[in-house]
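Containing mmCIF, C-alpha atoms: my_file26.cif.
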```cif
data_target
#
loop_
_atom_site.label_atom_id
_atom_site.label_comp_id
_atom_site.auth_asym_id
_atom_site.auth_seq_id
_atom_site.Cartn_x
_atom_site.Cartn_y
_atom_site.Cartn_z
CA MET A 1 128.63 174.23 66.49
CA SER A 2 125.32 172.36 66.88
CA PRO A 3 125.05 168.74 68.14
CA SER A 4 125.79 166.05 65.56
CA ALA A 5 123.17 165.26 62.95
CA PHE A 6 122.63 162.93 59.98
CA LEU A 7 122.29 163.95 56.34
CA ALA A 8 120.43 161.96 53.69
CA VAL A 9 120.62 162.88 50.01
CA GLU A 10 118.80 161.44 47.01
CA THR A 11 120.01 162.42 43.56
CA GLY A 12 117.79 162.27 40.51
CA GLY A 13 117.92 163.23 36.88
CA THR A 14 116.29 166.59 37.53
CA LYS A 15 116.40 167.25 41.28
CA ILE A 16 118.32 166.72 44.49
CA VAL A 17 116.34 165.94 47.66
CA TRP A 18 117.89 166.23 51.12
CA ARG A 19 117.01 165.93 54.79
CA ILE A 20 118.89 166.54 58.04
CA GLU A 21 117.79 164.76 61.22
CA ASP A 22 119.03 164.86 64.78
CA SER A 23 120.06 161.76 66.71
CA ASP A 24 116.46 161.21 67.86
CA GLY A 25 114.98 161.36 64.37
CA GLY A 26 113.72 164.91 64.56
CA VAL A 27 113.81 166.74 61.23
CA LEU A 28 116.15 169.74 61.38
CA GLY A 29 115.78 170.70 57.75
CA GLU A 30 114.76 169.34 54.37
CA GLY A 31 114.31 170.51 50.83
CA ARG A 32 115.12 170.08 47.18
CA PHE A 33 116.86 171.93 44.39
CA PRO A 34 117.65 171.33 40.71
CA ALA A 35 120.29 168.77 39.83
CA GLY A 36 122.58 171.02 37.85
CA LYS A 37 126.34 170.77 37.62
CA PRO A 38 127.74 168.37 40.26
CA GLU A 39 130.09 171.04 41.64
CA ASP A 40 127.08 173.30 42.22
CA VAL A 41 125.27 170.45 43.99
CA VAL A 42 128.21 170.04 46.38
CA GLU A 43 128.17 173.76 47.19
CA ALA A 44 124.40 173.78 47.71
CA LEU A 45 124.53 170.78 50.06
CA ALA A 46 127.44 172.25 51.98
CA ALA A 47 125.40 175.41 52.42
CA VAL A 48 122.33 173.65 53.84
CA VAL A 49 124.41 171.93 56.52
CA ALA A 50 126.45 175.02 57.41
CA GLY A 51 126.83 175.33 61.18
CA ARG A 52 125.88 171.72 61.86
CA ARG A 53 128.22 168.88 62.76
CA ILE A 54 127.32 165.93 60.53
CA ALA A 55 128.00 162.58 62.18
CA ALA A 56 127.46 160.65 58.94
CA PHE A 57 125.72 161.03 55.61
CA ALA A 58 124.44 158.79 52.85
CA ILE A 59 123.66 159.26 49.19
CA ALA A 60 120.99 157.35 47.30
CA GLY A 61 122.06 158.06 43.75
CA PHE A 62 120.98 157.50 40.21
CA GLY A 63 123.36 155.15 38.47
CA PRO A 64 125.50 153.69 37.25
CA LEU A 65 127.61 154.04 40.39
CA VAL A 66 130.50 152.26 42.04
CA VAL A 67 128.79 150.89 45.17
CA ASP A 68 131.51 148.63 46.57
CA PRO A 69 132.71 150.22 49.85
CA GLY A 70 136.05 148.47 49.40
CA SER A 71 136.75 150.10 46.06
CA PRO A 72 138.96 153.19 45.86
CA ASP A 73 136.32 154.55 43.48
CA TYR A 74 133.44 154.07 45.94
CA GLY A 75 130.72 156.55 44.97
CA LEU A 76 132.10 157.31 41.49
CA MET A 77 129.54 158.03 38.77
CA LEU A 78 130.15 155.95 35.67
CA ALA A 79 129.00 156.60 32.09
CA THR A 80 125.74 158.54 32.16
CA PRO A 81 123.96 160.79 29.65
CA LYS A 82 123.58 163.45 32.36
CA PRO A 83 126.03 166.23 31.41
CA GLY A 84 128.98 166.74 33.74
CA TRP A 85 128.28 163.80 36.05
CA ALA A 86 130.25 160.96 34.45
CA GLY A 87 133.50 160.54 36.39
CA PHE A 88 132.36 162.74 39.29
CA ASN A 89 132.28 161.45 42.88
CA LEU A 90 129.64 163.41 44.76
CA ALA A 91 130.12 161.52 48.02
CA LYS A 92 133.87 162.10 48.24
CA ALA A 93 133.52 165.73 47.22
CA LEU A 94 130.90 166.28 49.91
CA ALA A 95 132.95 164.38 52.49
CA ARG A 96 135.75 166.90 52.06
CA HIS A 97 133.33 169.62 53.14
CA LEU A 98 131.68 167.71 55.97
CA ASP A 99 134.58 165.64 57.33
CA ALA A 100 132.16 162.77 57.96
CA PRO A 101 131.86 159.09 57.00
CA PHE A 102 129.47 158.27 54.19
CA ALA A 103 127.54 155.45 52.54
CA VAL A 104 126.52 155.27 48.89
CA ASP A 105 124.01 153.05 47.14
CA THR A 106 121.65 153.33 44.21
CA ASP A 107 118.39 155.18 44.69
CA VAL A 108 116.45 151.96 44.09
CA ASN A 109 118.54 149.93 46.53
CA ALA A 110 117.99 152.64 49.14
CA ALA A 111 114.27 152.54 48.39
CA ALA A 112 114.33 148.77 48.82
CA VAL A 113 115.90 149.23 52.26
CA ALA A 114 113.21 151.70 53.29
CA GLU A 115 110.26 149.73 51.95
CA ALA A 116 111.60 146.52 53.50
CA ARG A 117 112.09 148.06 56.94
CA LEU A 118 109.45 150.77 57.08
CA GLY A 119 106.99 150.26 54.25
CA ALA A 120 105.22 147.76 52.03
CA GLY A 121 107.94 145.12 52.37
CA ARG A 122 107.78 144.80 56.15
CA GLY A 123 107.68 141.17 57.30
CA ALA A 124 109.37 139.85 54.16
CA GLY A 125 112.94 138.62 54.35
CA ALA A 126 113.88 139.29 50.73
CA VAL A 127 112.32 142.30 49.04
CA ALA A 128 112.67 143.56 45.48
CA TYR A 129 111.79 147.18 44.79
CA VAL A 130 110.99 148.11 41.18
CA THR A 131 110.35 151.65 40.00
CA VAL A 132 108.73 152.40 36.64
CA GLY A 133 109.02 156.06 35.77
CA THR A 134 111.39 157.99 33.52
CA GLY A 135 113.52 154.86 33.69
CA ILE A 136 113.07 151.39 35.12
CA GLY A 137 115.28 150.26 37.98
CA GLY A 138 115.31 147.68 40.72
CA GLY A 139 116.84 147.33 44.15
CA PHE A 140 117.11 144.21 46.29
CA TYR A 141 117.17 143.83 50.07
CA VAL A 142 117.90 140.58 51.88
CA ASP A 143 119.04 139.77 55.40
CA GLY A 144 119.56 143.42 56.29
CA ARG A 145 121.69 144.30 53.25
CA THR A 146 121.23 145.35 49.66
CA LEU A 147 122.26 143.02 46.88
CA LYS A 148 125.41 144.14 45.06
CA GLY A 149 128.21 142.47 43.18
CA ALA A 150 130.96 144.02 41.11
CA LEU A 151 128.40 146.75 40.43
CA HIS A 152 124.67 146.93 41.11
CA PRO A 153 121.66 145.34 39.37
CA GLU A 154 120.37 147.06 36.22
CA ILE A 155 117.12 145.18 35.69
CA GLY A 156 115.68 147.90 33.48
CA HIS A 157 118.06 146.79 30.76
CA LEU A 158 117.01 143.15 30.71
CA PHE A 159 115.61 142.08 27.35
CA VAL A 160 112.03 140.90 26.89
CA ARG A 161 110.00 139.22 24.16
CA ARG A 162 108.02 141.57 21.95
CA ALA A 163 104.31 141.52 22.69
CA GLU A 164 102.20 140.45 19.74
CA GLY A 165 101.16 143.46 17.67
CA ASP A 166 103.55 145.92 19.33
CA THR A 167 105.38 148.03 16.74
CA GLN A 168 106.62 150.84 19.03
CA VAL A 169 110.31 151.60 18.53
CA GLY A 170 112.35 150.90 21.66
CA LEU A 171 113.65 154.15 23.13
CA CYS A 172 116.63 153.04 25.21
CA PRO A 173 119.65 154.83 23.67
CA PHE A 174 121.90 151.91 24.62
CA HIS A 175 119.81 148.82 23.92
CA GLY A 176 116.66 149.82 22.10
CA GLU A 177 114.25 147.04 22.98
CA CYS A 178 115.13 146.37 26.62
CA ILE A 179 112.39 146.65 29.25
CA GLU A 180 113.24 150.32 29.87
CA GLY A 181 113.14 151.09 26.16
CA LEU A 182 109.70 149.55 25.79
CA ALA A 183 107.88 150.28 29.07
CA ALA A 184 109.44 153.24 30.89
CA GLY A 185 107.75 156.64 30.95
CA PRO A 186 109.13 158.01 27.65
CA ALA A 187 108.11 154.87 25.77
CA VAL A 188 104.66 154.96 27.39
CA GLN A 189 104.20 158.62 26.41
CA ALA A 190 105.23 157.86 22.84
CA ARG A 191 102.61 155.13 22.70
CA LEU A 192 99.89 157.34 24.19
CA ALA A 193 100.25 160.24 21.76
CA GLY A 194 98.60 162.62 24.20
CA ARG A 195 96.09 160.22 25.77
CA ARG A 196 95.99 159.22 29.42
CA LEU A 197 97.31 155.76 30.20
CA GLU A 198 94.11 154.72 31.97
CA ASP A 199 92.21 155.58 28.77
CA ALA A 200 94.44 153.46 26.54
CA PRO A 201 93.83 149.78 27.39
CA GLU A 202 96.02 148.53 24.53
CA VAL A 203 98.98 150.51 25.87
CA MET A 204 98.33 149.27 29.40
CA GLY A 205 98.32 145.76 27.97
CA TYR A 206 101.71 146.14 26.33
CA VAL A 207 103.28 147.74 29.40
CA ALA A 208 101.81 145.09 31.71
CA ASP A 209 103.08 142.32 29.43
CA TYR A 210 106.66 143.63 29.57
CA LEU A 211 106.58 144.30 33.30
CA GLY A 212 105.08 140.86 33.84
CA GLN A 213 108.03 139.35 31.97
CA LEU A 214 110.33 141.39 34.23
CA VAL A 215 108.63 140.00 37.32
CA ALA A 216 109.01 136.47 35.97
CA SER A 217 112.73 137.10 35.47
CA LEU A 218 113.06 138.27 39.08
CA VAL A 219 111.12 135.26 40.33
CA PHE A 220 113.26 132.81 38.39
CA ALA A 221 116.62 134.51 39.03
CA TRP A 222 116.25 135.55 42.66
CA ALA A 223 112.88 134.44 44.10
CA PRO A 224 112.17 137.43 46.39
CA ASP A 225 109.50 137.05 49.07
CA ARG A 226 107.76 140.20 47.86
CA ILE A 227 108.05 142.70 45.01
CA VAL A 228 107.24 146.34 45.71
CA PHE A 229 106.37 148.56 42.74
CA GLY A 230 106.76 152.33 42.67
CA GLY A 231 107.05 155.08 40.07
CA GLY A 232 104.63 157.21 38.12
CA VAL A 233 103.59 154.59 35.56
CA MET A 234 102.54 152.21 38.35
CA SER A 235 100.23 154.84 39.89
CA THR A 236 97.79 154.27 37.02
CA PRO A 237 94.62 152.63 38.40
CA GLY A 238 94.57 148.92 37.63
CA MET A 239 98.16 148.71 36.40
CA LEU A 240 99.50 146.64 39.29
CA GLU A 241 96.72 144.07 38.85
CA LYS A 242 97.44 143.81 35.12
CA VAL A 243 101.16 143.36 35.80
CA GLU A 244 100.47 140.60 38.32
CA ALA A 245 98.20 138.77 35.87
CA ALA A 246 100.85 139.06 33.15
CA ALA A 247 103.53 137.85 35.55
CA ARG A 248 101.53 134.77 36.46
CA ARG A 249 101.06 134.00 32.77
CA SER A 250 104.82 134.33 32.21
CA VAL A 251 105.72 132.12 35.18
CA ALA A 252 103.15 129.61 33.88
CA ASN A 253 102.80 127.58 37.09
CA TYR A 254 106.44 126.54 37.00
CA GLY A 255 107.91 125.53 40.38
CA SER A 256 108.85 129.09 41.31
CA ALA A 257 105.18 130.06 41.10
CA VAL A 258 104.70 128.69 44.60
CA ILE A 259 106.42 131.73 46.11
CA MET A 260 103.88 134.04 44.48
CA GLY A 261 101.07 132.56 46.54
CA GLU A 262 97.49 133.64 45.99
CA SER A 263 97.82 137.41 46.57
CA ASP A 264 99.95 140.25 47.93
CA TYR A 265 103.07 139.16 46.14
CA LEU A 266 103.18 142.33 44.09
CA VAL A 267 102.38 145.39 46.21
CA SER A 268 102.45 149.14 45.75
CA ALA A 269 105.14 151.20 47.47
CA SER A 270 103.87 152.87 50.62
CA LEU A 271 106.55 155.50 51.30
CA GLU A 272 106.43 158.89 49.60
CA ASN A 273 110.23 159.35 49.52
CA ALA A 274 111.55 155.81 49.85
CA GLY A 275 115.00 156.60 48.43
CA LEU A 276 115.54 159.43 50.88
CA GLU A 277 114.22 157.34 53.79
CA GLY A 278 116.62 154.58 52.81
CA ALA A 279 119.54 156.99 52.65
CA MET A 280 118.77 158.16 56.18
CA LEU A 281 118.72 154.56 57.40
CA MET A 282 122.07 154.01 55.69
CA ALA A 283 123.57 157.11 57.32
CA ARG A 284 122.40 156.10 60.78
CA ALA A 285 123.75 152.59 60.32
CA LEU A 286 127.25 154.05 60.05
CA LYS A 287 127.00 155.16 63.68
CA ALA A 288 124.95 152.28 65.03
#
```
Would you mind writing the structure in this file as structure tokens?
Amino acid sequence: MSPSAFLAVETGGTKIVWRIEDSDGGVLGEGRFPAGKPEDVVEALAAVVAGRRIAAFAIAGFGPLVVDPGSPDYGLMLATPKPGWAGFNLAKALARHLDAPFAVDTDVNAAAVAEARLGAGRGAGAVAYVTVGTGIGGGFYVDGRTLKGALHPEIGHLFVRRAEGDTQVGLCPFHGECIEGLAAGPAVQARLAGRRLEDAPEVMGYVADYLGQLVASLVFAWAPDRIVFGGGVMSTPGMLEKVEAAARRSVANYGSAVIMGESDYLVSASLENAGLEGAMLMARALKA
């Protein structure tokens, strides 16, 4: 049996990403595979760690998840459109194979941990991480911990005011015209009709308006020191600047605007695999 190691796992709608590190941070193995049936995922992960003694592991998962460590359902997947995953507890199933302690948080909360400690959020006490891709999600890090309550934040399902002239049907299957339904990747692609986002200024304008309203909601509700944006939609040149301008219009110089300062309040994510990096930090914290 090899010396003890740490396992980090990030689950997504289409893929599972994993990494094993030794106690000094050296990478012993890493990879990815399709996110098929949850039972198959357990077997695949058990296979990649075969022959290694895992000291602790952590899962950064897509939600909705039970993320309260004190709950008997810690790690349980709640209602999700992903076939076979609702009601499954990946962490507990994997723990039976590995005989190791585990931590579970959302992928965006884990990303917030990583960006706050290692990436674009360094130096800020309270960091919000927002990803805009296939869905829209947000994680929050403050005073060394992620923000959770009875469940975890679901900022992608906040409602926003319709931008003038926007007639696109909201695509969220649960809420229609929430921020995810209007500005996540599928909604953006429906608006583009085959064009590139950078070549469609009217679409960029709508998306920036909705994301700016989202930023204003975060500023008013939680007042983070910095907001880090990631995800494929935000990689479009000029999008972050448009979102910041829209956010400042939405905040409208109200008192909370003071925290936004003159610049560098909204920043781009700097880590390639922030969720996985955050999961590794979570796993190591169990043995700190």
**Q.** Minimum-distance residue to Ile227 in chain A, chosen among A:Ala56, A:Val127, A:Leu271, A:Met260 (using only C-alpha atoms)
**A.**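 For Ile227 in chain A, the nearest of the given residues is A:Val127.
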For this structure, which residues satisfy the selection - the PyMOL selection byres ((chain A and resi 108-112) around 6) - when it is evaluated on the file as given? I want them as an mmCIF file with C-alpha atoms, keeping the file's coordinate frame.
```cif
data_model
loop_
_atom_site.group_PDB
_atom_site.id
_atom_site.type_symbol
_atom_site.label_atom_id
_atom_site.label_comp_id
_atom_site.auth_asym_id
_atom_site.auth_seq_id
_atom_site.Cartn_x
_atom_site.Cartn_y
_atom_site.Cartn_z
ATOM 1 C CA ALA A 60 120.990 157.350 47.300
ATOM 2 C CA THR A 106 121.650 153.330 44.210
ATOM 3 C CA ASP A 107 118.390 155.180 44.690
ATOM 4 C CA VAL A 113 115.900 149.230 52.260
ATOM 5 C CA ALA A 114 113.210 151.700 53.290
ATOM 6 C CA GLU A 115 110.260 149.730 51.950
ATOM 7 C CA ALA A 116 111.600 146.520 53.500
ATOM 8 C CA TYR A 129 111.790 147.180 44.790
ATOM 9 C CA GLY A 138 115.310 147.680 40.720
ATOM 10 C CA GLY A 139 116.840 147.330 44.150
ATOM 11 C CA PHE A 140 117.110 144.210 46.290
ATOM 12 C CA TYR A 141 117.170 143.830 50.070
ATOM 13 C CA ALA A 274 111.550 155.810 49.850
ATOM 14 C CA GLY A 275 115.000 156.600 48.430
ATOM 15 C CA GLY A 278 116.620 154.580 52.810
ATOM 16 C CA ALA A 279 119.540 156.990 52.650
#
```
Q: Please determine the residues with any atom at most 12 Å from (111.3, 135.5, 40.3) (coordinates as given in the file, with all atoms listed in the file counting) and report them as a PyMOL selection string.
A: chain A and resi 126-128+212-227+247-248+250-252+254-260+265-266
**Q.** Nearest to Tyr206 in chain A by atom-to-atom distance, counting all atoms listed in the file, from A:Leu151, A:Leu182, A:Ala190, A:Val228
**A.**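 Ranking A:Leu151, A:Leu182, A:Ala190, A:Val228 by distance to Tyr206 in chain A, first place goes to A:Leu182.
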(Q) Please compute the CA of Ala35 in chain A-CA of Lys287 in chain A distance, one decimal, in Å. (A) 28.3 Å
Q. Applied to the shown file, which residues does the PyMOL selection byres ((chain A and resi 184) around 12) return, written as a ChimeraX atom specification?
A. /A:130-137,156-157,170-172,176-183,185-191,203-204,206-208,210-211,231-234
Q: Do a neighbour search on Ala100 in chain A at 7 Å with all atoms listed in the file, toss out local chain neighbours closer than 3 positions, and write the hits as a list in words.
A: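 Final neighbour list, sorted by chain and number: Ile54, Ala55, Ala56 and Ala95 of chain A.
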Q. CA of Gly84 in chain A and CA of Pro38 in chain A are how many Å apart?
A. 6.8 Å
